[in-house]
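J.: For reference, this is query00.cif, and it has mmCIF, C-alpha atoms.
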```cif
data_model
#
loop_
_atom_site.label_atom_id
_atom_site.label_comp_id
_atom_site.auth_asym_id
_atom_site.auth_seq_id
_atom_site.Cartn_x
_atom_site.Cartn_y
_atom_site.Cartn_z
CA MET W 17 18.77 -46.14 9.52
CA LYS W 18 21.09 -48.37 11.47
CA PHE W 19 19.23 -48.35 14.77
CA GLY W 20 15.73 -48.48 16.24
CA LYS W 21 12.78 -50.77 15.60
CA SER W 22 11.07 -51.66 12.36
CA ILE W 23 8.16 -49.27 13.17
CA CYS W 24 8.89 -45.55 13.31
CA ILE W 25 6.62 -43.16 15.18
CA LEU W 26 6.41 -39.53 14.13
CA ASN W 27 5.16 -37.26 16.91
CA VAL W 28 4.23 -33.90 15.37
CA GLY W 29 2.95 -31.45 17.97
CA GLY W 30 1.42 -34.27 20.03
CA THR W 31 -0.18 -36.14 17.12
CA LYS W 32 1.47 -39.51 16.42
CA TYR W 33 1.85 -41.32 13.10
CA ALA W 34 3.30 -44.87 12.79
CA PHE W 35 5.12 -45.97 9.63
CA PRO W 36 7.25 -48.98 8.67
CA ARG W 37 10.92 -48.30 8.13
CA ASP W 38 10.64 -49.06 4.41
CA VAL W 39 7.96 -46.38 4.02
CA ILE W 40 10.19 -43.82 5.73
CA LYS W 41 12.88 -44.49 3.11
CA ASP W 42 10.70 -43.34 0.18
CA PHE W 43 8.51 -40.88 2.08
CA PRO W 44 7.36 -37.90 -0.11
CA LEU W 45 8.43 -35.39 2.56
CA ARG W 46 12.17 -34.76 2.36
CA ARG W 47 12.64 -34.12 6.07
CA VAL W 48 11.01 -37.43 6.98
CA SER W 49 12.91 -39.40 4.32
CA ARG W 50 16.20 -38.02 5.67
CA LEU W 51 15.64 -40.03 8.86
CA HIS W 52 16.36 -43.23 6.93
CA ASN W 53 19.92 -42.14 6.18
CA CYS W 54 20.75 -41.15 9.76
CA ALA W 55 23.44 -43.42 11.30
CA SER W 56 23.45 -42.00 14.84
CA GLU W 57 21.24 -40.16 17.29
CA LYS W 58 23.25 -37.03 16.68
CA GLU W 59 22.30 -37.06 13.02
CA VAL W 60 18.68 -37.77 13.97
CA LEU W 61 18.57 -34.72 16.24
CA GLU W 62 19.72 -32.60 13.32
CA VAL W 63 16.51 -33.57 11.52
CA CYS W 64 13.97 -33.65 14.37
CA ASP W 65 13.70 -31.93 17.76
CA ASP W 66 13.88 -35.00 20.02
CA TYR W 67 14.20 -38.80 19.80
CA ASP W 68 13.11 -41.64 22.09
CA ARG W 69 15.19 -44.76 21.40
CA GLU W 70 13.00 -47.12 23.43
CA ARG W 71 9.84 -46.36 21.48
CA ASN W 72 11.68 -45.35 18.30
CA GLU W 73 9.70 -42.09 18.38
CA PHE W 74 10.75 -38.94 16.55
CA PHE W 75 9.38 -35.70 17.96
CA PHE W 76 8.82 -32.59 15.80
CA ASP W 77 7.80 -29.38 17.53
CA ARG W 78 5.62 -28.21 14.65
CA HIS W 79 1.98 -27.33 13.95
CA SER W 80 0.03 -30.59 14.20
CA GLU W 81 -3.00 -29.45 12.22
CA ALA W 82 -0.84 -28.15 9.38
CA PHE W 83 1.00 -31.47 9.25
CA GLY W 84 -2.38 -33.23 9.09
CA PHE W 85 -3.21 -31.31 5.90
CA ILE W 86 0.26 -32.13 4.55
CA MET W 87 -0.42 -35.80 5.23
CA LEU W 88 -3.63 -35.48 3.22
CA TYR W 89 -1.43 -34.30 0.36
CA VAL W 90 0.80 -37.36 0.82
CA LYS W 91 -2.26 -39.59 0.70
CA TYR W 92 -4.44 -37.95 -1.96
CA GLY W 93 -2.04 -35.66 -3.84
CA LYS W 94 -3.91 -32.37 -3.14
CA LEU W 95 -2.52 -29.68 -0.84
CA ARG W 96 -4.68 -26.82 0.43
CA PHE W 97 -4.38 -24.25 3.21
CA VAL W 98 -5.61 -24.95 6.72
CA PRO W 99 -8.78 -22.93 7.41
CA GLN W 100 -8.31 -20.00 9.83
CA MET W 101 -4.51 -20.27 9.52
CA CYS W 102 -2.22 -17.61 8.09
CA GLU W 103 -1.03 -18.50 4.60
CA LEU W 104 2.55 -17.53 5.43
CA SER W 105 2.57 -19.71 8.55
CA PHE W 106 1.37 -22.70 6.56
CA TYR W 107 3.94 -21.94 3.88
CA ASN W 108 6.67 -22.03 6.55
CA GLU W 109 5.42 -25.46 7.58
CA MET W 110 5.57 -26.59 3.96
CA ILE W 111 9.18 -25.41 3.62
CA TYR W 112 10.11 -27.18 6.87
CA TRP W 113 8.80 -30.51 5.60
CA GLY W 114 10.39 -30.06 2.16
CA LEU W 115 7.47 -28.87 0.05
CA GLU W 116 7.29 -25.89 -2.28
CA SER W 117 4.55 -23.50 -3.32
CA SER W 118 4.15 -25.42 -6.59
CA HIS W 119 2.69 -28.34 -4.61
CA LEU W 120 -0.31 -26.19 -3.63
CA GLU W 121 -3.54 -26.18 -5.56
CA PHE W 122 -3.84 -23.32 -8.04
CA CYS W 123 -6.35 -21.34 -5.96
CA CYS W 124 -4.09 -21.58 -2.90
CA GLN W 125 -1.05 -20.59 -4.96
CA ARG W 126 -2.78 -17.35 -5.92
CA ARG W 127 -3.68 -16.66 -2.28
CA LEU W 128 -0.07 -17.24 -1.27
CA ASP W 129 1.30 -14.99 -4.03
CA ASP W 130 -1.05 -12.16 -3.10
CA ARG W 131 -0.25 -12.53 0.59
CA MET W 132 3.51 -12.57 0.00
CA SER W 133 3.39 -9.50 -2.27
CA ASP W 134 1.26 -7.59 0.25
CA THR W 135 3.51 -8.59 3.13
CA TYR W 136 6.62 -7.51 1.21
CA THR W 137 5.08 -4.10 0.53
CA TYR W 138 3.99 -3.71 4.13
CA PHE W 139 7.11 -4.91 5.89
CA SER W 140 9.81 -3.64 3.53
CA GLU W 141 9.95 -0.33 5.36
CA GLU W 142 10.02 -2.09 8.74
CA ASP W 143 12.84 -4.40 7.60
CA THR W 144 14.83 -1.37 6.47
CA LYS W 145 14.42 0.19 9.90
CA VAL W 146 15.62 -2.97 11.60
CA GLU W 147 18.66 -3.21 9.35
CA ASP W 148 19.50 0.41 10.03
CA ASP W 149 19.18 -0.18 13.76
CA LEU W 150 21.47 -3.21 13.53
CA ARG W 151 24.04 -1.22 11.62
CA GLY W 152 23.80 1.47 14.25
CA GLU W 153 24.69 -1.06 16.95
CA ASP W 154 28.00 -1.86 15.27
CA VAL W 155 29.49 1.55 16.04
CA PRO W 156 32.90 1.16 17.71
CA GLU W 157 32.99 1.86 21.41
CA ASP W 158 35.61 4.60 21.12
CA SER W 159 33.25 6.71 18.99
CA ALA W 160 30.08 5.59 20.74
CA GLY W 161 29.91 8.60 23.05
CA THR W 162 29.24 11.46 20.66
CA GLY W 163 28.31 9.46 17.53
CA ARG W 164 25.74 7.22 19.13
CA GLY W 165 24.20 10.09 21.06
CA SER W 166 23.80 12.26 17.95
CA ALA W 167 22.50 9.32 15.92
CA LYS W 168 19.94 8.55 18.59
CA TRP W 169 18.86 12.20 18.67
CA LEU W 170 18.51 12.32 14.86
CA GLU W 171 16.51 9.08 14.87
CA ARG W 172 14.16 10.49 17.49
CA MET W 173 13.74 13.70 15.52
CA ARG W 174 13.10 11.73 12.34
CA ARG W 175 10.40 9.63 13.96
CA THR W 176 8.84 12.73 15.49
CA PHE W 177 8.42 14.35 12.07
CA GLU W 178 7.75 11.23 9.98
CA GLU W 179 5.58 9.08 12.30
CA PRO W 180 2.77 11.05 13.96
CA THR W 181 1.90 8.20 16.35
CA SER W 182 5.45 7.47 17.52
CA SER W 183 5.38 9.81 20.55
CA ILE W 184 3.41 12.51 22.30
CA ALA W 185 5.62 15.20 20.75
CA ALA W 186 4.96 13.73 17.30
CA GLN W 187 1.21 13.88 17.91
CA ILE W 188 1.42 17.52 19.01
CA LEU W 189 3.53 18.36 15.95
CA ALA W 190 1.08 16.56 13.66
CA SER W 191 -1.87 18.43 15.21
CA VAL W 192 -0.16 21.79 14.65
CA SER W 193 0.63 20.82 11.06
CA VAL W 194 -3.01 19.86 10.43
CA ILE W 195 -4.16 23.20 11.86
CA PHE W 196 -1.83 25.08 9.50
CA VAL W 197 -3.09 23.04 6.54
CA ILE W 198 -6.72 23.83 7.39
CA VAL W 199 -5.97 27.54 7.89
CA SER W 200 -4.07 27.73 4.59
CA MET W 201 -6.95 26.01 2.76
CA VAL W 202 -9.47 28.44 4.25
CA ILE W 203 -7.32 31.42 3.18
CA LEU W 204 -6.90 29.98 -0.33
CA CYS W 205 -10.65 29.41 -0.74
CA ALA W 206 -11.54 32.81 0.72
CA SER W 207 -9.20 34.56 -1.72
CA THR W 208 -11.42 33.45 -4.63
CA LEU W 209 -14.59 35.02 -3.22
CA PRO W 210 -15.96 38.11 -5.04
CA ASP W 211 -15.90 40.14 -1.81
CA TRP W 212 -12.19 39.46 -1.37
CA LYS W 213 -11.14 42.10 -3.90
CA THR W 214 -13.46 44.72 -2.39
CA ALA W 215 -12.27 44.09 1.17
CA GLU W 216 -10.28 46.65 3.06
CA ASN W 217 -6.52 46.73 2.60
CA ASN W 218 -5.93 45.95 6.28
CA SER W 219 -7.98 42.77 6.05
CA VAL W 220 -6.18 41.63 2.92
CA GLU W 221 -2.84 42.39 4.54
CA GLU W 222 -3.75 40.27 7.57
CA HIS W 223 -4.65 37.34 5.32
CA ARG W 224 -1.33 37.67 3.50
CA ILE W 225 0.53 37.59 6.81
CA ILE W 226 -1.36 34.45 7.87
CA GLU W 227 -0.56 32.86 4.53
CA ALA W 228 3.12 33.73 4.90
CA VAL W 229 3.19 32.20 8.40
CA CYS W 230 1.65 28.97 7.08
CA ILE W 231 4.18 28.81 4.25
CA GLY W 232 6.98 29.46 6.72
CA TRP W 233 5.80 26.55 8.88
CA PHE W 234 5.59 24.18 5.90
CA THR W 235 9.02 25.26 4.70
CA ALA W 236 10.64 24.80 8.10
CA GLU W 237 8.98 21.41 8.52
CA CYS W 238 10.19 20.24 5.10
CA ILE W 239 13.76 21.45 5.74
CA VAL W 240 13.96 19.76 9.15
CA ARG W 241 12.60 16.49 7.75
CA PHE W 242 15.19 16.64 4.98
CA ILE W 243 18.04 17.27 7.44
CA VAL W 244 17.12 14.41 9.78
CA SER W 245 16.34 11.91 7.00
CA LYS W 246 18.65 8.91 6.67
CA ASP W 247 18.76 8.78 2.88
CA LYS W 248 18.53 12.21 1.23
CA CYS W 249 18.00 10.74 -2.27
CA GLU W 250 15.21 8.50 -1.04
CA PHE W 251 13.65 11.49 0.73
CA VAL W 252 13.52 13.46 -2.51
CA ARG W 253 11.98 10.55 -4.42
CA ARG W 254 9.07 9.99 -2.01
CA PRO W 255 5.70 11.07 -3.47
CA LEU W 256 4.53 12.98 -0.38
CA ASN W 257 7.77 14.95 -0.26
CA ILE W 258 7.44 15.82 -3.95
CA ILE W 259 3.91 17.04 -3.25
CA ASP W 260 5.22 19.17 -0.37
CA LEU W 261 7.74 20.75 -2.72
CA LEU W 262 5.07 21.41 -5.36
CA ALA W 263 2.87 23.03 -2.73
CA ILE W 264 5.57 25.29 -1.27
CA THR W 265 7.50 26.38 -4.37
CA PRO W 266 4.66 28.32 -6.11
CA TYR W 267 4.41 30.76 -3.20
CA TYR W 268 8.05 31.79 -3.45
CA VAL W 269 7.84 31.93 -7.25
CA SER W 270 4.78 34.18 -7.09
CA VAL W 271 6.45 36.45 -4.51
CA LEU W 272 9.56 36.65 -6.69
CA MET W 273 7.52 37.48 -9.79
CA THR W 274 5.59 40.15 -7.88
CA VAL W 275 8.84 41.76 -6.77
CA LEU W 276 10.36 41.64 -10.25
CA THR W 277 7.30 42.77 -12.24
CA GLY W 278 6.00 45.33 -9.76
CA GLU W 279 2.43 45.99 -8.72
CA ASN W 280 1.07 47.76 -11.82
CA SER W 281 0.88 46.98 -15.53
CA GLN W 282 3.62 44.37 -15.67
CA LEU W 283 1.87 42.37 -12.96
CA GLN W 284 -1.22 42.16 -15.17
CA ARG W 285 0.82 40.36 -17.82
CA ALA W 286 1.96 37.80 -15.30
CA GLY W 287 -1.51 37.52 -13.73
CA VAL W 288 -2.38 34.20 -15.38
CA THR W 289 0.88 32.61 -14.30
CA LEU W 290 0.44 33.84 -10.75
CA ARG W 291 -3.10 32.49 -10.55
CA VAL W 292 -1.93 29.09 -11.79
CA LEU W 293 0.86 29.03 -9.24
CA ARG W 294 -1.53 30.11 -6.51
CA MET W 295 -3.95 27.30 -7.32
CA MET W 296 -1.11 24.79 -7.10
CA ARG W 297 -1.15 25.35 -3.36
CA ILE W 298 -4.21 23.14 -3.25
CA PHE W 299 -1.67 20.31 -2.96
CA TRP W 300 -1.41 21.29 0.69
CA VAL W 301 -4.50 19.25 1.39
CA ILE W 302 -2.62 16.09 0.38
CA LYS W 303 -0.31 16.73 3.35
CA LEU W 304 -3.17 15.42 5.48
CA ALA W 305 -2.26 11.93 4.21
CA ARG W 306 0.60 11.93 6.73
CA HIS W 307 -1.85 12.16 9.61
CA PHE W 308 -5.05 10.37 8.50
CA LEU W 309 -5.39 6.62 8.08
CA GLY W 310 -8.06 6.90 5.38
CA LEU W 311 -5.89 8.85 2.95
CA GLN W 312 -2.95 6.51 3.60
CA THR W 313 -5.22 3.55 2.85
CA LEU W 314 -6.30 5.16 -0.41
CA GLY W 315 -2.71 5.78 -1.49
CA LEU W 316 -1.58 2.26 -0.59
CA THR W 317 -4.57 0.77 -2.41
CA LEU W 318 -3.81 2.71 -5.59
CA LYS W 319 -0.17 1.60 -5.34
CA ARG W 320 -1.06 -2.08 -5.06
CA CYS W 321 -3.93 -2.03 -7.57
CA TYR W 322 -2.19 -0.23 -10.42
CA ARG W 323 -2.75 -3.28 -12.65
CA GLU W 324 -6.47 -3.22 -11.96
CA MET W 325 -6.55 0.55 -12.55
CA VAL W 326 -4.79 0.11 -15.90
CA MET W 327 -7.23 -2.67 -16.78
CA LEU W 328 -10.13 -0.36 -15.90
CA LEU W 329 -8.75 2.38 -18.15
CA VAL W 330 -8.26 -0.10 -20.99
CA PHE W 331 -11.88 -1.25 -20.66
CA ILE W 332 -13.12 2.33 -20.79
CA CYS W 333 -10.90 3.29 -23.75
CA VAL W 334 -11.97 0.26 -25.79
CA ALA W 335 -15.65 0.90 -25.04
CA MET W 336 -15.24 4.61 -25.90
CA ALA W 337 -13.69 3.76 -29.26
CA ILE W 338 -16.42 1.25 -30.18
CA PHE W 339 -19.50 3.09 -28.94
CA GLY W 340 -18.15 6.50 -29.99
CA ALA W 341 -17.67 5.38 -33.59
CA LEU W 342 -21.10 3.69 -33.71
CA ALA W 343 -22.85 6.68 -32.11
CA GLN W 344 -21.26 9.11 -34.59
CA LEU W 345 -22.33 6.88 -37.47
CA LEU W 346 -25.95 6.37 -36.31
CA GLU W 347 -26.60 9.94 -35.18
CA HIS W 348 -24.71 11.93 -37.81
CA GLY W 349 -22.89 9.82 -40.37
CA LEU W 350 -25.95 8.27 -42.04
CA ASP W 351 -27.67 11.60 -42.63
CA LEU W 352 -25.22 14.47 -43.04
CA GLU W 353 -27.95 17.10 -43.64
CA MET W 354 -30.39 16.27 -40.85
CA GLY W 355 -27.95 14.51 -38.51
CA ASN W 356 -27.45 15.30 -34.84
CA GLU W 357 -24.76 17.98 -34.72
CA ASP W 358 -23.78 16.98 -31.19
CA TYR W 359 -22.31 13.80 -32.70
CA ALA W 360 -20.50 15.48 -35.58
CA SER W 361 -17.20 13.81 -34.66
CA ILE W 362 -16.04 10.69 -32.88
CA PRO W 363 -14.26 12.67 -30.08
CA ALA W 364 -17.55 14.46 -29.37
CA ALA W 365 -19.35 11.12 -29.31
CA CYS W 366 -16.70 9.74 -26.93
CA TRP W 367 -17.66 12.41 -24.41
CA TRP W 368 -21.25 11.13 -24.57
CA VAL W 369 -19.96 7.56 -24.15
CA ILE W 370 -17.97 8.31 -20.99
CA ILE W 371 -20.81 10.17 -19.25
CA SER W 372 -23.21 7.38 -20.23
CA MET W 373 -20.97 4.50 -19.10
CA THR W 374 -20.42 6.15 -15.73
CA THR W 375 -24.21 6.78 -15.48
CA VAL W 376 -23.62 10.53 -14.96
CA GLY W 377 -25.77 11.77 -17.82
CA TYR W 378 -25.35 15.55 -17.87
CA GLY W 379 -28.04 15.87 -20.54
CA ASP W 380 -25.97 18.22 -22.69
CA MET W 381 -26.11 15.72 -25.57
CA TYR W 382 -28.28 12.69 -26.22
CA PRO W 383 -29.29 10.49 -29.18
CA ILE W 384 -32.49 11.34 -31.05
CA THR W 385 -32.74 8.43 -33.49
CA MET W 386 -34.12 5.03 -32.51
CA PRO W 387 -30.91 3.12 -33.36
CA GLY W 388 -28.94 5.69 -31.38
CA ARG W 389 -31.17 5.26 -28.33
CA VAL W 390 -30.80 1.48 -28.50
CA LEU W 391 -27.03 1.96 -28.69
CA GLY W 392 -27.24 4.31 -25.70
CA GLY W 393 -28.99 1.63 -23.64
CA LEU W 394 -26.32 -0.91 -24.55
CA CYS W 395 -23.63 1.64 -23.68
CA VAL W 396 -25.06 2.23 -20.19
CA VAL W 397 -25.43 -1.48 -19.43
CA SER W 398 -21.94 -2.23 -20.74
CA GLY W 399 -20.50 0.56 -18.64
CA ILE W 400 -22.06 -0.82 -15.46
CA VAL W 401 -20.64 -4.28 -16.14
CA LEU W 402 -17.16 -3.16 -17.26
CA LEU W 403 -16.70 -0.79 -14.33
CA ALA W 404 -17.91 -3.36 -11.79
CA LEU W 405 -15.43 -6.08 -12.76
CA PRO W 406 -12.11 -4.44 -11.64
CA ILE W 407 -13.72 -2.52 -8.77
CA THR W 408 -14.28 -5.80 -6.90
CA PHE W 409 -10.51 -6.42 -6.74
CA ILE W 410 -9.86 -2.80 -5.77
CA TYR W 411 -12.42 -3.03 -2.96
CA HIS W 412 -10.86 -6.15 -1.45
CA SER W 413 -7.40 -4.58 -1.65
CA PHE W 414 -8.73 -1.44 0.05
CA VAL W 415 -10.13 -3.47 2.96
CA GLN W 416 -6.87 -5.38 3.34
CA CYS W 417 -4.78 -2.20 3.25
CA TYR W 418 -7.03 -0.58 5.83
CA HIS W 419 -6.66 -3.49 8.26
CA GLU W 420 -2.87 -3.58 7.80
CA LEU W 421 -2.46 0.15 8.41
CA LYS W 422 -4.88 -0.01 11.33
CA PHE W 423 -2.81 -2.83 12.85
CA ARG W 424 0.37 -0.81 12.40
CA SER W 425 -1.28 2.25 13.94
CA ALA W 426 -2.47 0.20 16.92
CA ARG W 427 1.07 -1.14 17.44
CA CYS W 428 2.46 2.41 17.45
CA THR W 429 -0.28 3.45 19.86
CA ARG W 430 0.70 0.67 22.27
CA SER W 431 4.32 1.84 22.19
CA LEU W 432 3.12 5.40 22.74
CA SER W 433 1.09 4.30 25.77
CA ALA W 434 4.15 2.54 27.21
CA GLU W 435 6.23 5.68 26.67
CA PHE W 436 3.57 7.79 28.41
CA LEU W 437 3.45 5.42 31.40
CA ASN W 438 7.22 5.39 31.67
#
```
Give the structure from the file, written as structure tokens.
T.:
Amino acid sequence: MKFGKSICILNVGGTKYAFPRDVIKDFPLRRVSRLHNCASEKEVLEVCDDYDRERNEFFFDRHSEAFGFIMLYVKYGKLRFVPQMCELSFYNEMIYWGLESSHLEFCCQRRLDDRMSDTYTYFSEEDTKVEDDLRGEDVPEDSAGTGRGSAKWLERMRRTFEEPTSSIAAQILASVSVIFVIVSMVILCASTLPDWKTAENNSVEEHRIIEAVCIGWFTAECIVRFIVSKDKCEFVRRPLNIIDLLAITPYYVSVLMTVLTGENSQLQRAGVTLRVLRMMRIFWVIKLARHFLGLQTLGLTLKRCYREMVMLLVFICVAMAIFGALAQLLEHGLDLEMGNEDYASIPAACWWVIISMTTVGYGDMYPITMPGRVLGGLCVVSGIVLLALPITFIYHSFVQCYHELKFRSARCTRSLSAEFLN
């Protein structure tokens, strides 16, 4: 530094720190140490936001409390997050001053990694929308008349069908879709009642017409959503769209098989296949995930916690293998003549293990020997402990997903209110 006094004052958000010029030269924060190599005020203003030559004061328009915690790291060598401050905001402050995530304590590094992964999952769709909007703004003016108008209309249609809270029309469409789902579920459940087969032909015919109307609505909705989608390949790969296809296709397959096989003896041969296809329509109920926050939260939680779910399955499989083998040995293997026949094989014993670990206890099979009962007690206690360990992580992820989706829903509701007022 070729100018200024021997004492440098750093003003960070109104909080001042005084340092000798020699300390600035070897300061642990890269942005501060860069001040020593500045030869003019112009270079200084590239590093800080403002500079007062008379007092040799450098002003940084940054978070003062965050810089205070960073100064504690400079002094003591330990960097932790500021309480009640967003981890990403503090991380931005760290990057500004020249620090990296590796400078954080291990516990704070894990918090930052979890927050960044959650934020990427949550905002990736929003970032895609913004990029698409920006690309849409680059349309040449000569083709802006028809092209931009049609693109705007398609975008509005897409949001109407994909985002139930985006407009009043979208809410009405979502309500109608929910009504059709409920009606179709009622018809499907009623068709399995014993009185259904003995009902009059007119009543059965009315139910078939209602079912056909529901299927027609679902089919039209799926086709329109496919037409107005931006990326057709991405549309096909989405889980909810695959479920829609699985729910709609069986109806047309069953109708086709009925037409081809007739209504008499040949239909009896295809009866099992038709019943299986008919039961596949139960996937309609998953369509409610488009309109209810709770089901969306559940799906997002399962997506983020797949590692914990795999860990839970591994725990259960290992426990089943150990306790199943021991139960088969204690209840049947030691005495082949008088042994408990319910535990004749390890797979049969594994069924007892899983209902014991989950504390269901159907009572269809149980140990009768004293060693087997002791093993059963250990199995139940182990199940409680093993199942409780991953569920804690899943619970916290569920709460976080719920708050994120609730925040997003509230933001869409505010935009809907503004549209209604306009």
J.: Name every residue that the PyMOL selection byres ((chain W and resi 235) around 12) selects in this structure, writing the answer as number ranges by chain with chains first and numbers rising.
T.: W: 193, 196, 228-234, 236-242, 257, 260-265, 267-268, 300
J.: Pick from W:Val28, W:Ile298, W:Val252, W:Leu104: nearest to Phe83 in chain W, with only C-alpha atoms counted?
T.: W:Val28
J.: Using all atoms listed in the file, which residue out of W:Leu328, W:Ala34, W:Met386, W:Leu120 lies closest to Ala343 in chain W?
T.: W:Met386
J.: Can you turn the PyMOL selection byres ((chain W and resi 194) around 12) into a concrete residue list for this file, as a list in words?
T.: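 Checking the PyMOL selection byres ((chain W and resi 194) around 12) against this file, the residues are Pro180, Gln187, Ile188, Leu189, Ala190, Ser191, Val192, Ser193, Ile195, Phe196, Val197, Ile198, Val199, Ser200, Met201, Cys230, Trp233, Phe234, Trp300, Val301, Ile302, Lys303, Leu304, Ala305, Arg306, His307 and Phe308 of chain W.
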J.: Give the answer as one residue: which of W:Ile258, W:Arg131, W:Gly393, W:Ser398 has the shortest atom-to-atom distance to Arg320 in chain W, using only C-alpha atoms?
T.: W:Arg131
J.: I'd like to know which of W:Cys417, W:Val244, W:Leu403, W:Met273 is closest to Ile332 in chain W, using all atoms listed in the file.
T.: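 Using all atoms listed in the file, Ile332 in chain W sits closest to W:Leu403.
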J.: State, in Å with one decimal place, the distance from CA of Cys124 in chain W to CA of Tyr322 in chain W.
T.: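 If I compute the distance from CA of Cys124 in chain W to CA of Tyr322 in chain W, I get 22.7 Å.
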J.: Report the distance between CA of Glu121 in chain W and CA of Tyr92 in chain W in Å, rounded to one decimal place.
T.: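 If I compute the distance from CA of Glu121 in chain W to CA of Tyr92 in chain W, I get 12.3 Å.
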J.: On this file, the PyMOL selection byres ((chain W and resi 40) around 9) gives some set of residues; write that set as JSON, numbers by chain.
T.: {"W": [24, 35, 36, 37, 38, 39, 41, 42, 43, 44, 48, 49, 50, 51, 52]}
J.: Once you have the residues from the selection above, write them out as a PDB file, keeping the file's coordinate frame, restricted to C-alpha atoms.
T.:
```pdb
ATOM      1  CA  CYS W  24       8.890 -45.550  13.310  1.00  0.00           C
ATOM      2  CA  PHE W  35       5.120 -45.970   9.630  1.00  0.00           C
ATOM      3  CA  PRO W  36       7.250 -48.980   8.670  1.00  0.00           C
ATOM      4  CA  ARG W  37      10.920 -48.300   8.130  1.00  0.00           C
ATOM      5  CA  ASP W  38      10.640 -49.060   4.410  1.00  0.00           C
ATOM      6  CA  VAL W  39       7.960 -46.380   4.020  1.00  0.00           C
ATOM      7  CA  LYS W  41      12.880 -44.490   3.110  1.00  0.00           C
ATOM      8  CA  ASP W  42      10.700 -43.340   0.180  1.00  0.00           C
ATOM      9  CA  PHE W  43       8.510 -40.880   2.080  1.00  0.00           C
ATOM     10  CA  PRO W  44       7.360 -37.900  -0.110  1.00  0.00           C
ATOM     11  CA  VAL W  48      11.010 -37.430   6.980  1.00  0.00           C
ATOM     12  CA  SER W  49      12.910 -39.400   4.320  1.00  0.00           C
ATOM     13  CA  ARG W  50      16.200 -38.020   5.670  1.00  0.00           C
ATOM     14  CA  LEU W  51      15.640 -40.030   8.860  1.00  0.00           C
ATOM     15  CA  HIS W  52      16.360 -43.230   6.930  1.00  0.00           C
TER      16      HIS W  52
END
```
J.: Mind checking which residues fall within 12 Å of His79 in chain W, counting all atoms listed in the file, ignoring those fewer than 5 positions away in the same chain, and posting them as a list in words?
T.: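 Within the cut-off, the hits are Asn27, Val28, Gly29, Gly30, Thr31, Gly84, Phe85, Ile86, Val98, Met101, Ser105, Phe106, Tyr107, Asn108, Glu109, Met110, Tyr112 and Trp113 of chain W.
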